[in-house]
Amino acid sequence: MYEIATSSILTPQNGMNIYRGRTENTMWVNEIPRADSMDIGVKKDAEEILNITLKKRRSKSMLIAGNLGDPYNRLEEEFKLTKGALSVTLQNDFGINITTRSKLILRDLDLLSDLVKYTKCCVDVPFPAASQEIFDGMEGQGAFANPEIPSIQSSFQERLDMMAGLRAAGVPVCILMQPIIPELNDKIEEIQGIMKLGKELGIGAFDIGPCKTLLKKNSMDFFYNNYAERFPEQYKALEEKYGQCQELIPAEQKELLKAVRELGEKYGLETDSHVLSEYRRHYTNQQTGSQASLLDFM
């Protein structure tokens with residue numbers, strides 16, 4: 001762990017990354033900001049800086065948490081910086097979209113429920129596969145867990161329970177089936193399996209994104225080494241078809257995207273990534289009579 005000294009907490013796009021680095025044991029990472037991929041950066045004065053920043057804002061908007069590091073990672077259990085940021089967000093009448101794999105988010109259900117009640121809060125939950133074996137390998141759970149990486153991210157069943165807990169509290173949830181990795185979760189049966197689970201949990205949104213994997217140059221070796229170690233047979237097939245390229249596009253991409261649309265209609269799920277992206281960024285305030293979207297009940 002290292003401390004990030006900063007005078008700013010939000011990006012121009014309202015991204016709020018209190019933690020940076022490898023906050024989970026997935027087989028891919030968005031970035032490796034330091035030589036040690038397991039090192040996590042922390043902005044310990046995040047709550048104070050966020051409060052100052054939001055009080056200066058003339059207009060309210062949505063904050064985005066979780067783009068570069070899970071806000072509910074193993075350090076959050078101790079520092080409670082995300083919890084503090086949620087409190088500040090609520091006090092200043094802003095909304096927030098959170099992406100997390102961790103069951104620790106259920107600790108803050110009271111704050112999340114209040115945000116839904118007064119402004120807006122929605123949670124994106126990564127769930128890459130309906131097959132538990134593929135899920136565990138991609139997420140570094142079960143037999144693929146690394147004892148050197150203490151983690152509080154949730155297992156297959158715990159993640160289902162986490163989404164159920166969020167929905168029971170009235171918090172809108174979207175399932176993220178991202179990234180789509182050739183030879184692993186690029187199967188219609190995986191998509192349908194996740195959608196069925198989402199429907200059973202009362203979730204109304206499913207986002208597959210662009211249906212491909214785009215790797216940053218400094219994380220390519222990390223990804224391919226993990227792929228080869230966790231899924232040796234599938235990796236052999238991948239290497240024969242694609243080699244080691246920066247952008248992996250499934251051969252059946254068009255068919256998969258078509259299946260997402262058709263299955264979304266079947267199960268009553270919003271699957272349009274553009275619509276969902278707009279929803280995440282559209283601020284509403286329940287106290288001033290702002291019009292709610294049907295997706296607020298997803």
# chains A, B, ... in the order shown; residues from 1 in each chain; ligands from 1
>>> residues_around(residues="segment 270-285 of chain A", least_positions_apart="2", cutoff="10 Å", atoms="only C-alpha atoms", output="VMD selection string")
chain A and resid 13 to 14 60 to 64 93 to 98 115 to 124 174 to 175 203 to 210 257 260 to 265 267 to 268 287 to 296 298
>>> select_by_dssp(residues="segment 36-239 of chain A", states="alpha helix (DSSP H)", output="JSON, numbers by chain")
{"A": [46, 47, 48, 49, 50, 51, 52, 53, 54, 55, 56, 76, 77, 78, 79, 81, 82, 83, 84, 85, 86, 87, 88, 89, 90, 91, 109, 110, 111, 112, 113, 114, 115, 116, 117, 118, 132, 133, 134, 135, 136, 137, 138, 139, 156, 157, 158, 159, 160, 161, 162, 163, 164, 165, 166, 167, 168, 188, 189, 190, 191, 192, 193, 194, 195, 196, 197, 198, 199, 200, 220, 221, 222, 223, 224, 225, 226, 227, 228, 229, 230, 232, 233, 234, 235, 236, 237, 238, 239]}
>>> residues_around(residues="Ser87 of chain A", least_positions_apart="2", cutoff="12 Å", atoms="only C-alpha atoms", output="tab-separated table (two decimals) with N, CA, C and O atoms, in the first residue's frame")
chain	number	residue	atom	x	y	z
A	46	ALA	N	-9.38	11.64	0.97
A	46	ALA	CA	-10.41	11.69	-0.06
A	46	ALA	C	-11.70	12.35	0.43
A	46	ALA	O	-12.30	13.16	-0.28
A	47	GLU	N	-12.13	12.02	1.62
A	47	GLU	CA	-13.39	12.54	2.13
A	47	GLU	C	-13.36	14.06	2.25
A	47	GLU	O	-14.29	14.76	1.82
A	48	GLU	N	-12.28	14.59	2.80
A	48	GLU	CA	-12.15	16.04	2.97
A	48	GLU	C	-12.09	16.76	1.63
A	48	GLU	O	-12.77	17.77	1.41
A	50	LEU	N	-13.14	15.68	-1.29
A	50	LEU	CA	-14.42	15.55	-2.00
A	50	LEU	C	-15.43	16.55	-1.47
A	50	LEU	O	-16.16	17.19	-2.25
A	51	ASN	N	-15.49	16.72	-0.17
A	51	ASN	CA	-16.44	17.65	0.42
A	51	ASN	C	-16.17	19.09	-0.05
A	51	ASN	O	-17.10	19.82	-0.42
A	80	LYS	N	-12.31	2.76	5.43
A	80	LYS	CA	-13.69	3.27	5.30
A	80	LYS	C	-13.76	4.59	4.52
A	80	LYS	O	-14.58	5.46	4.81
A	81	LEU	N	-12.91	4.72	3.51
A	81	LEU	CA	-12.88	5.95	2.72
A	81	LEU	C	-14.06	6.03	1.76
A	81	LEU	O	-14.61	7.11	1.53
A	82	THR	N	-14.45	4.91	1.18
A	82	THR	CA	-15.63	4.90	0.31
A	82	THR	C	-16.88	5.21	1.11
A	82	THR	O	-17.75	5.96	0.65
A	83	LYS	N	-16.97	4.66	2.29
A	83	LYS	CA	-18.11	4.94	3.17
A	83	LYS	C	-18.19	6.45	3.46
A	83	LYS	O	-19.27	7.05	3.38
A	84	GLY	N	-17.04	7.04	3.75
A	84	GLY	CA	-17.02	8.48	4.01
A	84	GLY	C	-17.40	9.28	2.78
A	84	GLY	O	-18.12	10.29	2.88
A	85	ALA	N	-16.95	8.83	1.61
A	85	ALA	CA	-17.27	9.54	0.36
A	85	ALA	C	-18.76	9.46	0.06
A	85	ALA	O	-19.35	10.41	-0.45
A	89	THR	N	-21.22	12.58	-0.43
A	89	THR	CA	-22.05	12.66	-1.64
A	89	THR	C	-23.51	12.91	-1.26
A	89	THR	O	-24.19	13.76	-1.87
A	90	LEU	N	-23.98	12.20	-0.27
A	90	LEU	CA	-25.36	12.35	0.19
A	90	LEU	C	-25.59	13.74	0.80
A	90	LEU	O	-26.59	14.41	0.48
A	91	GLN	N	-24.68	14.20	1.63
A	91	GLN	CA	-24.82	15.50	2.29
A	91	GLN	C	-24.86	16.65	1.29
A	91	GLN	O	-25.51	17.67	1.54
A	92	ASN	N	-24.19	16.46	0.16
A	92	ASN	CA	-24.13	17.52	-0.84
A	92	ASN	C	-25.13	17.34	-1.98
A	92	ASN	O	-25.07	18.05	-2.99
A	93	ASP	N	-26.03	16.37	-1.84
A	93	ASP	CA	-27.09	16.13	-2.82
A	93	ASP	C	-26.59	15.75	-4.21
A	93	ASP	O	-27.18	16.12	-5.22
A	94	PHE	N	-25.50	14.99	-4.27
A	94	PHE	CA	-25.03	14.45	-5.54
A	94	PHE	C	-25.48	13.00	-5.65
A	94	PHE	O	-25.94	12.39	-4.67
A	95	GLY	N	-25.36	12.43	-6.84
A	95	GLY	CA	-25.68	11.03	-7.05
A	95	GLY	C	-24.41	10.25	-7.33
A	95	GLY	O	-23.34	10.84	-7.54
A	96	ILE	N	-24.50	8.93	-7.38
A	96	ILE	CA	-23.29	8.14	-7.61
A	96	ILE	C	-23.60	6.81	-8.29
A	96	ILE	O	-24.63	6.19	-8.05
A	108	ASP	N	-22.77	-0.72	3.62
A	108	ASP	CA	-23.22	0.66	3.46
A	108	ASP	C	-24.63	0.77	2.89
A	108	ASP	O	-24.99	1.78	2.29
A	109	LEU	N	-25.44	-0.26	3.09
A	109	LEU	CA	-26.79	-0.25	2.53
A	109	LEU	C	-27.61	0.95	3.01
A	109	LEU	O	-28.45	1.46	2.27
A	110	ASP	N	-27.37	1.40	4.25
A	110	ASP	CA	-28.14	2.54	4.75
A	110	ASP	C	-27.86	3.80	3.94
A	110	ASP	O	-28.78	4.54	3.56
A	111	LEU	N	-26.58	4.04	3.63
A	111	LEU	CA	-26.21	5.20	2.82
A	111	LEU	C	-26.70	5.06	1.39
A	111	LEU	O	-27.20	6.02	0.79
A	112	LEU	N	-26.56	3.87	0.82
A	112	LEU	CA	-27.01	3.63	-0.56
A	112	LEU	C	-28.51	3.83	-0.68
A	112	LEU	O	-28.99	4.45	-1.63
A	113	SER	N	-29.26	3.33	0.30
A	113	SER	CA	-30.72	3.49	0.30
A	113	SER	C	-31.12	4.95	0.40
A	113	SER	O	-32.07	5.40	-0.27
A	114	ASP	N	-30.40	5.72	1.22
A	114	ASP	CA	-30.70	7.14	1.36
A	114	ASP	C	-30.39	7.89	0.07
A	114	ASP	O	-31.12	8.81	-0.33
A	115	LEU	N	-29.32	7.50	-0.60
A	115	LEU	CA	-28.99	8.13	-1.88
A	115	LEU	C	-30.08	7.86	-2.91
A	115	LEU	O	-30.46	8.75	-3.68
>>> atom_distance(atom1="atom CA of Ile152 of chain A", atom2="atom CA of Pro71 of chain A")
11.5 Å
>>> select_by_dssp(residues="segment 152-262 of chain A", states="strand (DSSP E or B)", output="list in words")
Gln153, Val173, Cys174, Ile175, Leu176, Ala205, Phe206, Asp207, Thr213, Leu214, Glu247 and Leu248 of chain A
>>> closest_residue(among="A:Val125, A:Met1, A:Ile18, A:Leu104", to="Gln178 of chain A", atoms="only C-alpha atoms")
A:Val125
>>> closest_atom_pairs(of="segment 15-125 of chain A", to="segment 224-243 of chain A", cutoff="10 Å", atoms="only C-alpha atoms", output="tab-separated table")
residue	atom	partner	partner_atom	distance
A:Thr26	CA	A:Asn226	CA	8.8
A:Met27	CA	A:Asn226	CA	5.4
A:Trp28	CA	A:Asn226	CA	7.7
>>> write_last_selection(atoms="C-alpha atoms", output="compact mmCIF listing (two decimals), in the first residue's frame")
# COMPACT_ATOMS: atom_id res chain seq x y z
CA THR A 26 -8.99 -11.08 -11.79
CA MET A 27 -7.03 -12.44 -14.73
CA TRP A 28 -6.90 -8.95 -16.26
>>> closest_residue(among="A:Met162, A:Val29, A:Leu106, A:Leu75", to="Lys217 of chain A", atoms="only C-alpha atoms")
A:Val29
>>> closest_residue(among="A:Ile181, A:Leu166, A:Leu68, A:Ile4", to="Arg22 of chain A", atoms="only C-alpha atoms")
A:Leu68
>>> atom_distance(atom1="atom CA of Asp136 of chain A", atom2="atom CA of Arg74 of chain A")
18.4 Å
>>> residues_around(residues="Thr100 of chain A", least_positions_apart="5", cutoff="10 Å", atoms="only C-alpha atoms", output="PyMOL selection string")
chain A and resi 65-67+69-73+105+123-126+153-154+159
>>> write_last_selection(atoms="N, CA and C atoms", output="PDB file, in the first residue's frame")
ATOM      1  N   ALA A  65     -17.682   5.823  -9.404  1.00  0.00           N
ATOM      2  CA  ALA A  65     -16.671   5.185  -8.552  1.00  0.00           C
ATOM      3  C   ALA A  65     -16.398   3.758  -9.001  1.00  0.00           C
ATOM      4  N   GLY A  66     -15.109   3.425  -9.140  1.00  0.00           N
ATOM      5  CA  GLY A  66     -14.748   2.048  -9.440  1.00  0.00           C
ATOM      6  C   GLY A  66     -14.135   1.806 -10.791  1.00  0.00           C
ATOM      7  N   ASN A  67     -13.774   2.855 -11.535  1.00  0.00           N
ATOM      8  CA  ASN A  67     -13.201   2.665 -12.867  1.00  0.00           C
ATOM      9  C   ASN A  67     -11.781   2.100 -12.835  1.00  0.00           C
ATOM     10  N   GLY A  69     -10.152   1.030  -9.804  1.00  0.00           N
ATOM     11  CA  GLY A  69      -9.908   0.198  -8.636  1.00  0.00           C
ATOM     12  C   GLY A  69     -11.214   0.011  -7.892  1.00  0.00           C
ATOM     13  N   ASP A  70     -11.439  -1.181  -7.377  1.00  0.00           N
ATOM     14  CA  ASP A  70     -12.698  -1.454  -6.679  1.00  0.00           C
ATOM     15  C   ASP A  70     -12.778  -0.613  -5.410  1.00  0.00           C
ATOM     16  N   PRO A  71     -13.816   0.214  -5.263  1.00  0.00           N
ATOM     17  CA  PRO A  71     -13.943   1.060  -4.074  1.00  0.00           C
ATOM     18  C   PRO A  71     -14.186   0.272  -2.793  1.00  0.00           C
ATOM     19  N   TYR A  72     -14.521  -1.013  -2.933  1.00  0.00           N
ATOM     20  CA  TYR A  72     -14.727  -1.868  -1.763  1.00  0.00           C
ATOM     21  C   TYR A  72     -13.675  -2.975  -1.714  1.00  0.00           C
ATOM     22  N   ASN A  73     -12.432  -2.609  -1.918  1.00  0.00           N
ATOM     23  CA  ASN A  73     -11.335  -3.566  -1.875  1.00  0.00           C
ATOM     24  C   ASN A  73     -10.918  -3.858  -0.433  1.00  0.00           C
ATOM     25  N   ILE A 105     -19.891  -3.956   0.068  1.00  0.00           N
ATOM     26  CA  ILE A 105     -20.818  -2.859  -0.231  1.00  0.00           C
ATOM     27  C   ILE A 105     -22.093  -2.962   0.611  1.00  0.00           C
ATOM     28  N   VAL A 123     -25.698   0.597  -8.958  1.00  0.00           N
ATOM     29  CA  VAL A 123     -24.507  -0.234  -8.775  1.00  0.00           C
ATOM     30  C   VAL A 123     -24.335  -1.194  -9.943  1.00  0.00           C
ATOM     31  N   ASP A 124     -23.136  -1.193 -10.529  1.00  0.00           N
ATOM     32  CA  ASP A 124     -22.773  -2.148 -11.576  1.00  0.00           C
ATOM     33  C   ASP A 124     -21.985  -3.283 -10.934  1.00  0.00           C
ATOM     34  N   VAL A 125     -22.396  -4.521 -11.177  1.00  0.00           N
ATOM     35  CA  VAL A 125     -21.745  -5.683 -10.576  1.00  0.00           C
ATOM     36  C   VAL A 125     -21.173  -6.586 -11.674  1.00  0.00           C
ATOM     37  N   PRO A 126     -19.846  -6.700 -11.777  1.00  0.00           N
ATOM     38  CA  PRO A 126     -19.249  -7.600 -12.765  1.00  0.00           C
ATOM     39  C   PRO A 126     -19.610  -9.062 -12.468  1.00  0.00           C
ATOM     40  N   GLN A 153     -13.400  -9.618  -2.272  1.00  0.00           N
ATOM     41  CA  GLN A 153     -14.365  -9.662  -3.356  1.00  0.00           C
ATOM     42  C   GLN A 153     -15.171 -10.948  -3.226  1.00  0.00           C
ATOM     43  N   SER A 154     -16.359 -10.962  -3.728  1.00  0.00           N
ATOM     44  CA  SER A 154     -17.288 -12.048  -3.460  1.00  0.00           C
ATOM     45  C   SER A 154     -17.147 -13.208  -4.432  1.00  0.00           C
ATOM     46  N   ARG A 159     -21.741 -13.246  -4.716  1.00  0.00           N
ATOM     47  CA  ARG A 159     -22.068 -12.126  -5.605  1.00  0.00           C
ATOM     48  C   ARG A 159     -23.557 -12.119  -5.951  1.00  0.00           C
TER      49      ARG A 159
END
>>> closest_residue(among="A:Asn185, A:Asn218, A:Thr99, A:Gln132", to="Gly15 of chain A", atoms="only C-alpha atoms")
A:Thr99
>>> atom_distance(atom1="atom CA of Ala168 of chain A", atom2="atom CA of Gly202 of chain A")
9.0 Å
>>> closest_residue(among="A:Thr213, A:Ser102, A:Ser59, A:Gln246", to="Asp161 of chain A", atoms="only C-alpha atoms")
A:Ser102
>>> closest_residue(among="A:Gly41, A:Gly142, A:Pro128, A:Gly21", to="Met177 of chain A", atoms="only C-alpha atoms")
A:Pro128
>>> residues_around(residues="Arg167 of chain A", least_positions_apart="3", cutoff="8 Å", atoms="only C-alpha atoms", output="list in words")
Met163, Ala164, Gly170, Val171, Pro172, Val173, Leu201, Gly202 and Ile203 of chain A
